[in-house]
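Structure data follow from upload13.txt (compact mmCIF, N, CA and C atoms):
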# COMPACT_ATOMS: atom_id res chain seq x y z
N MET G 1 9.48 -14.03 10.47
CA MET G 1 10.47 -13.38 9.63
C MET G 1 10.00 -13.43 8.18
N ALA G 2 10.19 -12.34 7.48
CA ALA G 2 9.75 -12.24 6.09
C ALA G 2 10.64 -13.08 5.18
N THR G 3 10.01 -13.70 4.20
CA THR G 3 10.76 -14.48 3.22
C THR G 3 11.37 -13.53 2.18
N ARG G 4 12.21 -14.05 1.31
CA ARG G 4 12.82 -13.26 0.25
C ARG G 4 11.74 -12.65 -0.64
N VAL G 5 10.74 -13.45 -0.99
CA VAL G 5 9.65 -12.98 -1.85
C VAL G 5 8.87 -11.85 -1.15
N GLU G 6 8.59 -12.03 0.13
CA GLU G 6 7.87 -11.00 0.89
C GLU G 6 8.69 -9.71 0.98
N LYS G 7 9.97 -9.84 1.27
CA LYS G 7 10.84 -8.66 1.35
C LYS G 7 10.89 -7.92 0.02
N GLN G 8 10.96 -8.67 -1.08
CA GLN G 8 11.00 -8.05 -2.40
C GLN G 8 9.69 -7.33 -2.69
N TRP G 9 8.56 -7.97 -2.35
CA TRP G 9 7.25 -7.34 -2.56
C TRP G 9 7.16 -6.03 -1.78
N MET G 10 7.53 -6.05 -0.51
CA MET G 10 7.41 -4.85 0.32
C MET G 10 8.35 -3.75 -0.19
N SER G 11 9.54 -4.12 -0.61
CA SER G 11 10.49 -3.15 -1.16
C SER G 11 9.96 -2.53 -2.44
N ASP G 12 9.48 -3.37 -3.35
CA ASP G 12 8.98 -2.87 -4.63
C ASP G 12 7.72 -2.03 -4.45
N SER G 13 6.83 -2.44 -3.57
CA SER G 13 5.61 -1.65 -3.38
C SER G 13 5.93 -0.31 -2.73
N ALA G 14 6.86 -0.27 -1.80
CA ALA G 14 7.25 1.01 -1.21
C ALA G 14 7.92 1.90 -2.25
N ALA G 15 8.66 1.30 -3.17
CA ALA G 15 9.38 2.06 -4.19
C ALA G 15 8.45 2.81 -5.14
N ILE G 16 7.24 2.30 -5.35
CA ILE G 16 6.32 2.99 -6.27
C ILE G 16 5.63 4.17 -5.60
N GLY G 17 5.74 4.28 -4.30
CA GLY G 17 5.17 5.41 -3.57
C GLY G 17 3.75 5.16 -3.10
N CYS G 18 3.26 6.08 -2.32
CA CYS G 18 1.93 5.98 -1.71
C CYS G 18 0.85 5.84 -2.78
N VAL G 19 0.06 4.79 -2.67
CA VAL G 19 -1.01 4.54 -3.64
C VAL G 19 -2.06 5.64 -3.60
N VAL G 20 -2.34 6.19 -2.45
CA VAL G 20 -3.34 7.25 -2.34
C VAL G 20 -2.82 8.54 -2.98
N CYS G 21 -1.59 8.91 -2.68
CA CYS G 21 -1.02 10.12 -3.28
C CYS G 21 -1.00 10.02 -4.80
N ARG G 22 -0.62 8.85 -5.32
CA ARG G 22 -0.59 8.68 -6.78
C ARG G 22 -2.00 8.80 -7.36
N ASN G 23 -2.98 8.22 -6.70
CA ASN G 23 -4.37 8.29 -7.17
C ASN G 23 -4.92 9.72 -7.14
N LEU G 24 -4.44 10.51 -6.21
CA LEU G 24 -4.89 11.90 -6.09
C LEU G 24 -4.12 12.85 -7.00
N GLY G 25 -3.15 12.30 -7.74
CA GLY G 25 -2.37 13.12 -8.67
C GLY G 25 -1.21 13.86 -8.05
N TYR G 26 -0.81 13.47 -6.84
CA TYR G 26 0.30 14.13 -6.16
C TYR G 26 1.65 13.59 -6.62
N GLY G 27 1.65 12.53 -7.39
CA GLY G 27 2.90 11.91 -7.80
C GLY G 27 3.39 10.92 -6.76
N ARG G 28 4.62 10.50 -6.95
CA ARG G 28 5.18 9.48 -6.05
C ARG G 28 5.70 10.14 -4.79
N SER G 29 5.26 9.63 -3.65
CA SER G 29 5.73 10.13 -2.35
C SER G 29 6.32 8.96 -1.58
N PRO G 30 7.26 9.25 -0.69
CA PRO G 30 7.86 8.16 0.10
C PRO G 30 6.77 7.37 0.83
N ALA G 31 6.92 6.05 0.82
CA ALA G 31 5.88 5.20 1.40
C ALA G 31 6.45 4.25 2.44
N GLU G 32 5.60 3.96 3.40
CA GLU G 32 5.87 2.89 4.36
C GLU G 32 4.85 1.80 4.10
N ILE G 33 5.06 0.66 4.68
CA ILE G 33 4.21 -0.50 4.41
C ILE G 33 3.05 -0.56 5.40
N HIS G 34 1.85 -0.71 4.86
CA HIS G 34 0.64 -0.89 5.66
C HIS G 34 0.11 -2.30 5.41
N HIS G 35 0.02 -3.10 6.46
CA HIS G 35 -0.58 -4.44 6.36
C HIS G 35 -2.10 -4.28 6.39
N ILE G 36 -2.76 -4.76 5.34
CA ILE G 36 -4.20 -4.56 5.27
C ILE G 36 -4.90 -5.30 6.41
N LYS G 37 -6.02 -4.74 6.82
CA LYS G 37 -6.79 -5.31 7.93
C LYS G 37 -7.95 -6.17 7.44
N ALA G 38 -8.37 -5.98 6.18
CA ALA G 38 -9.50 -6.72 5.63
C ALA G 38 -9.24 -8.22 5.73
N GLY G 39 -10.20 -8.93 6.32
CA GLY G 39 -10.09 -10.38 6.45
C GLY G 39 -9.29 -10.85 7.65
N CYS G 40 -8.81 -9.93 8.45
CA CYS G 40 -8.04 -10.31 9.64
C CYS G 40 -8.87 -10.09 10.90
N GLY G 41 -8.60 -10.88 11.88
CA GLY G 41 -9.25 -10.69 13.16
C GLY G 41 -8.63 -9.54 13.92
N ILE G 42 -9.22 -9.19 15.02
CA ILE G 42 -8.71 -8.11 15.85
C ILE G 42 -7.29 -8.47 16.31
N SER G 43 -6.41 -7.50 16.24
CA SER G 43 -5.01 -7.63 16.66
C SER G 43 -4.21 -8.63 15.83
N GLN G 44 -4.71 -9.00 14.66
CA GLN G 44 -3.95 -9.88 13.77
C GLN G 44 -3.39 -9.06 12.64
N ARG G 45 -2.25 -9.48 12.14
CA ARG G 45 -1.60 -8.82 11.02
C ARG G 45 -1.74 -9.70 9.79
N SER G 46 -2.01 -9.07 8.65
CA SER G 46 -2.11 -9.83 7.41
C SER G 46 -0.73 -10.25 6.93
N SER G 47 -0.73 -11.07 5.92
CA SER G 47 0.49 -11.53 5.28
C SER G 47 1.32 -10.35 4.79
N ASN G 48 2.62 -10.53 4.75
CA ASN G 48 3.50 -9.49 4.20
C ASN G 48 3.25 -9.27 2.71
N LEU G 49 2.51 -10.15 2.07
CA LEU G 49 2.17 -9.98 0.66
C LEU G 49 0.85 -9.23 0.49
N LYS G 50 0.17 -8.96 1.59
CA LYS G 50 -1.08 -8.19 1.56
C LYS G 50 -0.82 -6.85 2.22
N THR G 51 -0.03 -6.05 1.54
CA THR G 51 0.37 -4.75 2.08
C THR G 51 0.17 -3.67 1.03
N LEU G 52 0.01 -2.46 1.52
CA LEU G 52 -0.13 -1.28 0.66
C LEU G 52 0.98 -0.30 0.96
N PRO G 53 1.47 0.39 -0.08
CA PRO G 53 2.41 1.48 0.17
C PRO G 53 1.64 2.76 0.50
N LEU G 54 1.84 3.29 1.68
CA LEU G 54 1.18 4.53 2.10
C LEU G 54 2.21 5.49 2.67
N CYS G 55 2.05 6.78 2.35
CA CYS G 55 2.91 7.78 2.97
C CYS G 55 2.54 7.87 4.45
N HIS G 56 3.41 8.51 5.21
CA HIS G 56 3.18 8.61 6.65
C HIS G 56 1.84 9.31 6.93
N ALA G 57 1.52 10.35 6.16
CA ALA G 57 0.27 11.09 6.41
C ALA G 57 -0.96 10.24 6.14
N HIS G 58 -1.02 9.54 5.01
CA HIS G 58 -2.20 8.73 4.71
C HIS G 58 -2.26 7.47 5.58
N HIS G 59 -1.14 7.08 6.13
CA HIS G 59 -1.10 5.89 6.98
C HIS G 59 -1.41 6.23 8.44
N ARG G 60 -0.75 7.28 8.96
CA ARG G 60 -0.79 7.51 10.40
C ARG G 60 -1.26 8.87 10.87
N THR G 61 -0.97 9.94 10.11
CA THR G 61 -1.15 11.27 10.67
C THR G 61 -2.26 12.12 10.07
N GLY G 62 -2.86 11.74 8.96
CA GLY G 62 -4.01 12.48 8.48
C GLY G 62 -3.88 13.18 7.15
N GLY G 63 -3.25 12.56 6.18
CA GLY G 63 -3.18 13.15 4.85
C GLY G 63 -4.56 13.36 4.28
N ASP G 64 -4.82 14.54 3.72
CA ASP G 64 -6.13 14.89 3.15
C ASP G 64 -7.24 14.74 4.18
N GLY G 65 -6.92 15.00 5.43
CA GLY G 65 -7.92 15.03 6.47
C GLY G 65 -8.19 13.73 7.20
N VAL G 66 -7.56 12.63 6.77
CA VAL G 66 -7.81 11.37 7.46
C VAL G 66 -6.64 10.41 7.24
N ALA G 67 -6.28 9.73 8.31
CA ALA G 67 -5.25 8.69 8.26
C ALA G 67 -5.93 7.34 8.47
N PHE G 68 -5.39 6.30 7.84
CA PHE G 68 -6.00 4.98 7.97
C PHE G 68 -6.13 4.59 9.43
N HIS G 69 -5.07 4.72 10.20
CA HIS G 69 -5.10 4.25 11.58
C HIS G 69 -5.88 5.17 12.52
N ALA G 70 -6.30 6.34 12.03
CA ALA G 70 -7.14 7.21 12.83
C ALA G 70 -8.63 6.92 12.61
N ASN G 71 -8.98 6.59 11.36
CA ASN G 71 -10.39 6.33 11.04
C ASN G 71 -10.45 5.51 9.76
N SER G 72 -10.29 4.20 9.88
CA SER G 72 -10.20 3.34 8.70
C SER G 72 -11.48 3.35 7.86
N LYS G 73 -12.62 3.46 8.50
CA LYS G 73 -13.88 3.48 7.74
C LYS G 73 -13.97 4.71 6.85
N LEU G 74 -13.73 5.87 7.41
CA LEU G 74 -13.77 7.11 6.64
C LEU G 74 -12.68 7.10 5.57
N TRP G 75 -11.50 6.62 5.92
CA TRP G 75 -10.38 6.54 4.97
C TRP G 75 -10.77 5.72 3.75
N GLN G 76 -11.41 4.56 3.97
CA GLN G 76 -11.79 3.70 2.85
C GLN G 76 -12.94 4.30 2.04
N GLU G 77 -13.83 5.03 2.68
CA GLU G 77 -14.89 5.72 1.95
C GLU G 77 -14.29 6.79 1.03
N LYS G 78 -13.24 7.42 1.50
CA LYS G 78 -12.63 8.53 0.77
C LYS G 78 -11.66 8.06 -0.32
N PHE G 79 -10.90 7.01 -0.05
CA PHE G 79 -9.80 6.62 -0.95
C PHE G 79 -9.97 5.27 -1.62
N GLY G 80 -10.91 4.44 -1.18
CA GLY G 80 -11.09 3.10 -1.72
C GLY G 80 -10.80 2.06 -0.66
N THR G 81 -11.33 0.86 -0.88
CA THR G 81 -11.11 -0.19 0.12
C THR G 81 -9.67 -0.70 0.03
N GLU G 82 -9.25 -1.31 1.11
CA GLU G 82 -7.91 -1.90 1.12
C GLU G 82 -7.75 -2.92 0.00
N LEU G 83 -8.78 -3.74 -0.22
CA LEU G 83 -8.68 -4.78 -1.25
C LEU G 83 -8.63 -4.18 -2.65
N GLU G 84 -9.39 -3.11 -2.89
CA GLU G 84 -9.32 -2.43 -4.19
C GLU G 84 -7.92 -1.86 -4.42
N LEU G 85 -7.39 -1.23 -3.40
CA LEU G 85 -6.06 -0.63 -3.52
C LEU G 85 -4.97 -1.70 -3.60
N LEU G 86 -5.20 -2.85 -2.97
CA LEU G 86 -4.25 -3.96 -3.10
C LEU G 86 -4.22 -4.46 -4.54
N ASP G 87 -5.40 -4.62 -5.15
CA ASP G 87 -5.46 -5.04 -6.55
C ASP G 87 -4.69 -4.06 -7.44
N GLN G 88 -4.89 -2.78 -7.21
CA GLN G 88 -4.19 -1.76 -7.99
C GLN G 88 -2.68 -1.84 -7.75
N THR G 89 -2.29 -2.04 -6.50
CA THR G 89 -0.87 -2.10 -6.16
C THR G 89 -0.19 -3.29 -6.82
N VAL G 90 -0.87 -4.42 -6.89
CA VAL G 90 -0.31 -5.60 -7.56
C VAL G 90 0.00 -5.26 -9.02
N ILE G 91 -0.94 -4.61 -9.69
CA ILE G 91 -0.74 -4.22 -11.09
C ILE G 91 0.40 -3.21 -11.21
N ASP G 92 0.41 -2.23 -10.32
CA ASP G 92 1.45 -1.19 -10.37
C ASP G 92 2.83 -1.76 -10.09
N VAL G 93 2.94 -2.70 -9.17
CA VAL G 93 4.24 -3.32 -8.88
C VAL G 93 4.70 -4.14 -10.08
N GLU G 94 3.79 -4.86 -10.72
CA GLU G 94 4.17 -5.62 -11.92
C GLU G 94 4.72 -4.68 -12.99
N LYS G 95 4.08 -3.54 -13.22
CA LYS G 95 4.55 -2.56 -14.20
C LYS G 95 5.91 -2.00 -13.78
N PHE G 96 6.07 -1.72 -12.50
CA PHE G 96 7.34 -1.22 -11.99
C PHE G 96 8.45 -2.23 -12.24
N ARG G 97 8.19 -3.48 -11.93
CA ARG G 97 9.21 -4.50 -12.12
C ARG G 97 9.57 -4.66 -13.59
N GLU G 98 8.58 -4.60 -14.45
CA GLU G 98 8.83 -4.69 -15.89
C GLU G 98 9.68 -3.52 -16.36
N SER G 99 9.46 -2.36 -15.80
CA SER G 99 10.19 -1.16 -16.24
C SER G 99 11.65 -1.18 -15.80
N ILE G 100 11.94 -1.82 -14.66
CA ILE G 100 13.33 -1.81 -14.19
C ILE G 100 14.12 -3.04 -14.58
N ILE G 101 13.43 -4.15 -14.83
CA ILE G 101 14.19 -5.35 -15.19
C ILE G 101 13.71 -6.01 -16.47
N GLY G 102 12.72 -5.41 -17.11
CA GLY G 102 12.26 -5.91 -18.38
C GLY G 102 11.31 -7.09 -18.31
N ARG G 103 10.97 -7.52 -17.11
CA ARG G 103 10.03 -8.62 -16.97
C ARG G 103 9.48 -8.63 -15.56
N ALA G 104 8.33 -9.21 -15.38
CA ALA G 104 7.75 -9.34 -14.04
C ALA G 104 8.47 -10.45 -13.30
N VAL G 105 8.56 -10.29 -11.98
CA VAL G 105 9.22 -11.30 -11.14
C VAL G 105 8.22 -12.33 -10.71
Output the structure of this file as structure tokens.
Amino acid sequence: MATRVEKQWMSDSAAIGCVVCRNLGYGRSPAEIHHIKAGCGISQRSSNLKTLPLCHAHHRTGGDGVAFHANSKLWQEKFGTELELLDQTVIDVEKFRESIIGRAV
């Protein structure tokens, strides 16, 4: 079960929209949570704090020609590694939190 901190992280990261869509200049699009696979064994899920906000297309169905779960290698070549995008998401969530509550959580 997710902790309060994990739930807040996932909520805030989804609220900023798909990291790939934002990077491509599409603006904020509805996002679902993707648990990064980097550093995890087969069939293991990463921590709820190691997640990316991705729209349904970039996550599952093929936004811009490829979805993470269809071809993760090609997806990362095209859009950046999960860890690079996680670093960006951490910064973006901090900015989001500052903008809505005046300080980082």
Might you pull out every residue within 8 Å of range 84-100 of chain G, with only N, CA and C atoms counted and same-chain residues fewer than 3 positions away left off, and present them as a PDB file with N, CA and C atoms, in the frame of the given file?
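Output file out_2.pdb is given in full below:
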ATOM      1  N   ASP G  12       9.480  -3.370  -3.350  1.00  0.00           N
ATOM      2  CA  ASP G  12       8.980  -2.870  -4.630  1.00  0.00           C
ATOM      3  C   ASP G  12       7.720  -2.030  -4.450  1.00  0.00           C
ATOM      4  N   SER G  13       6.830  -2.440  -3.570  1.00  0.00           N
ATOM      5  CA  SER G  13       5.610  -1.650  -3.380  1.00  0.00           C
ATOM      6  C   SER G  13       5.930  -0.310  -2.730  1.00  0.00           C
ATOM      7  N   ILE G  16       7.240   2.300  -5.350  1.00  0.00           N
ATOM      8  CA  ILE G  16       6.320   2.990  -6.270  1.00  0.00           C
ATOM      9  C   ILE G  16       5.630   4.170  -5.600  1.00  0.00           C
ATOM     10  N   VAL G  19       0.060   4.790  -2.670  1.00  0.00           N
ATOM     11  CA  VAL G  19      -1.010   4.540  -3.640  1.00  0.00           C
ATOM     12  C   VAL G  19      -2.060   5.640  -3.600  1.00  0.00           C
ATOM     13  N   VAL G  20      -2.340   6.190  -2.450  1.00  0.00           N
ATOM     14  CA  VAL G  20      -3.340   7.250  -2.340  1.00  0.00           C
ATOM     15  C   VAL G  20      -2.820   8.540  -2.980  1.00  0.00           C
ATOM     16  N   LYS G  50       0.170  -8.960   1.590  1.00  0.00           N
ATOM     17  CA  LYS G  50      -1.080  -8.190   1.560  1.00  0.00           C
ATOM     18  C   LYS G  50      -0.820  -6.850   2.220  1.00  0.00           C
ATOM     19  N   THR G  51      -0.030  -6.050   1.540  1.00  0.00           N
ATOM     20  CA  THR G  51       0.370  -4.750   2.080  1.00  0.00           C
ATOM     21  C   THR G  51       0.170  -3.670   1.030  1.00  0.00           C
ATOM     22  N   LEU G  52       0.010  -2.460   1.520  1.00  0.00           N
ATOM     23  CA  LEU G  52      -0.130  -1.280   0.660  1.00  0.00           C
ATOM     24  C   LEU G  52       0.980  -0.300   0.960  1.00  0.00           C
ATOM     25  N   PRO G  53       1.470   0.390  -0.080  1.00  0.00           N
ATOM     26  CA  PRO G  53       2.410   1.480   0.170  1.00  0.00           C
ATOM     27  C   PRO G  53       1.640   2.760   0.500  1.00  0.00           C
ATOM     28  N   PHE G  79     -10.900   7.010  -0.050  1.00  0.00           N
ATOM     29  CA  PHE G  79      -9.800   6.620  -0.950  1.00  0.00           C
ATOM     30  C   PHE G  79      -9.970   5.270  -1.620  1.00  0.00           C
ATOM     31  N   GLY G  80     -10.910   4.440  -1.180  1.00  0.00           N
ATOM     32  CA  GLY G  80     -11.090   3.100  -1.720  1.00  0.00           C
ATOM     33  C   GLY G  80     -10.800   2.060  -0.660  1.00  0.00           C
ATOM     34  N   THR G  81     -11.330   0.860  -0.880  1.00  0.00           N
ATOM     35  CA  THR G  81     -11.110  -0.190   0.120  1.00  0.00           C
ATOM     36  C   THR G  81      -9.670  -0.700   0.030  1.00  0.00           C
ATOM     37  N   ARG G 103      10.970  -7.520 -17.110  1.00  0.00           N
ATOM     38  CA  ARG G 103      10.030  -8.620 -16.970  1.00  0.00           C
ATOM     39  C   ARG G 103       9.480  -8.630 -15.560  1.00  0.00           C
ATOM     40  N   ALA G 104       8.330  -9.210 -15.380  1.00  0.00           N
ATOM     41  CA  ALA G 104       7.750  -9.340 -14.040  1.00  0.00           C
ATOM     42  C   ALA G 104       8.470 -10.450 -13.300  1.00  0.00           C
ATOM     43  N   VAL G 105       8.560 -10.290 -11.980  1.00  0.00           N
ATOM     44  CA  VAL G 105       9.220 -11.300 -11.140  1.00  0.00           C
ATOM     45  C   VAL G 105       8.220 -12.330 -10.710  1.00  0.00           C
TER      46      VAL G 105
END
Would you please give, as JSON, numbers by chain, all residues of chain G that DSSP assigns to strand (DSSP E) based on the backbone? {"G": [32, 33, 34, 35, 51, 52, 53, 54]}
- Task: For CA of Thr3 in chain G and CA of Ser29 in chain G, determine how far apart the two atoms are, in Å to one decimal place.
- Result: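 Going from CA of Thr3 in chain G over to CA of Ser29 in chain G, I get 25.7 Å.
Taking atom C of Gly27 in chain G and atom C of Asn71 in chain G as endpoints, the distance between them is 22.2 Å.
Among the candidates G:Ala67, G:Glu32, G:His56, G:Asn48, the residue lying nearest to Lys7 in chain G is G:Asn48 (atoms considered: only N, CA and C atoms).
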re atom C of Cys18 in chain G and CA of Met1 in chain G: distance 24.8 Å
Write out as a list in words the set of residues from range 50-91 of chain G that DSSP, computed on the backbone, places in helix (DSSP H, G or I). His56, Ala57, His58, His59, Arg60, Thr61, Gly63, Asp64, Gly65, Ser72, Lys73, Leu74, Trp75, Gln76, Glu77, Lys78, Phe79, Glu82, Leu83, Glu84, Leu85, Leu86, Asp87, Gln88, Thr89, Val90 and Ile91 of chain G
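Of the listed residues (G:Ile101, G:Glu6, G:Lys73, G:Gly17), G:Gly17 comes nearest to Cys55 in chain G; the distances count only C-alpha atoms.
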request  = Please return, as a PyMOL selection string, all polymer residues that have at least one atom within 5 Å of the point (-2.1, -8.5, 6.4); use all atoms listed in the file and the file's own coordinate frame.
outcome  = chain G and resi 35-36+45-47+50
If we count only C-alpha atoms, what is near Val66 in chain G at a cut-off of 12 Å, once residues fewer than 6 positions away on the same chain are taken out, given as number ranges by chain? G: 20, 56-60, 72-79
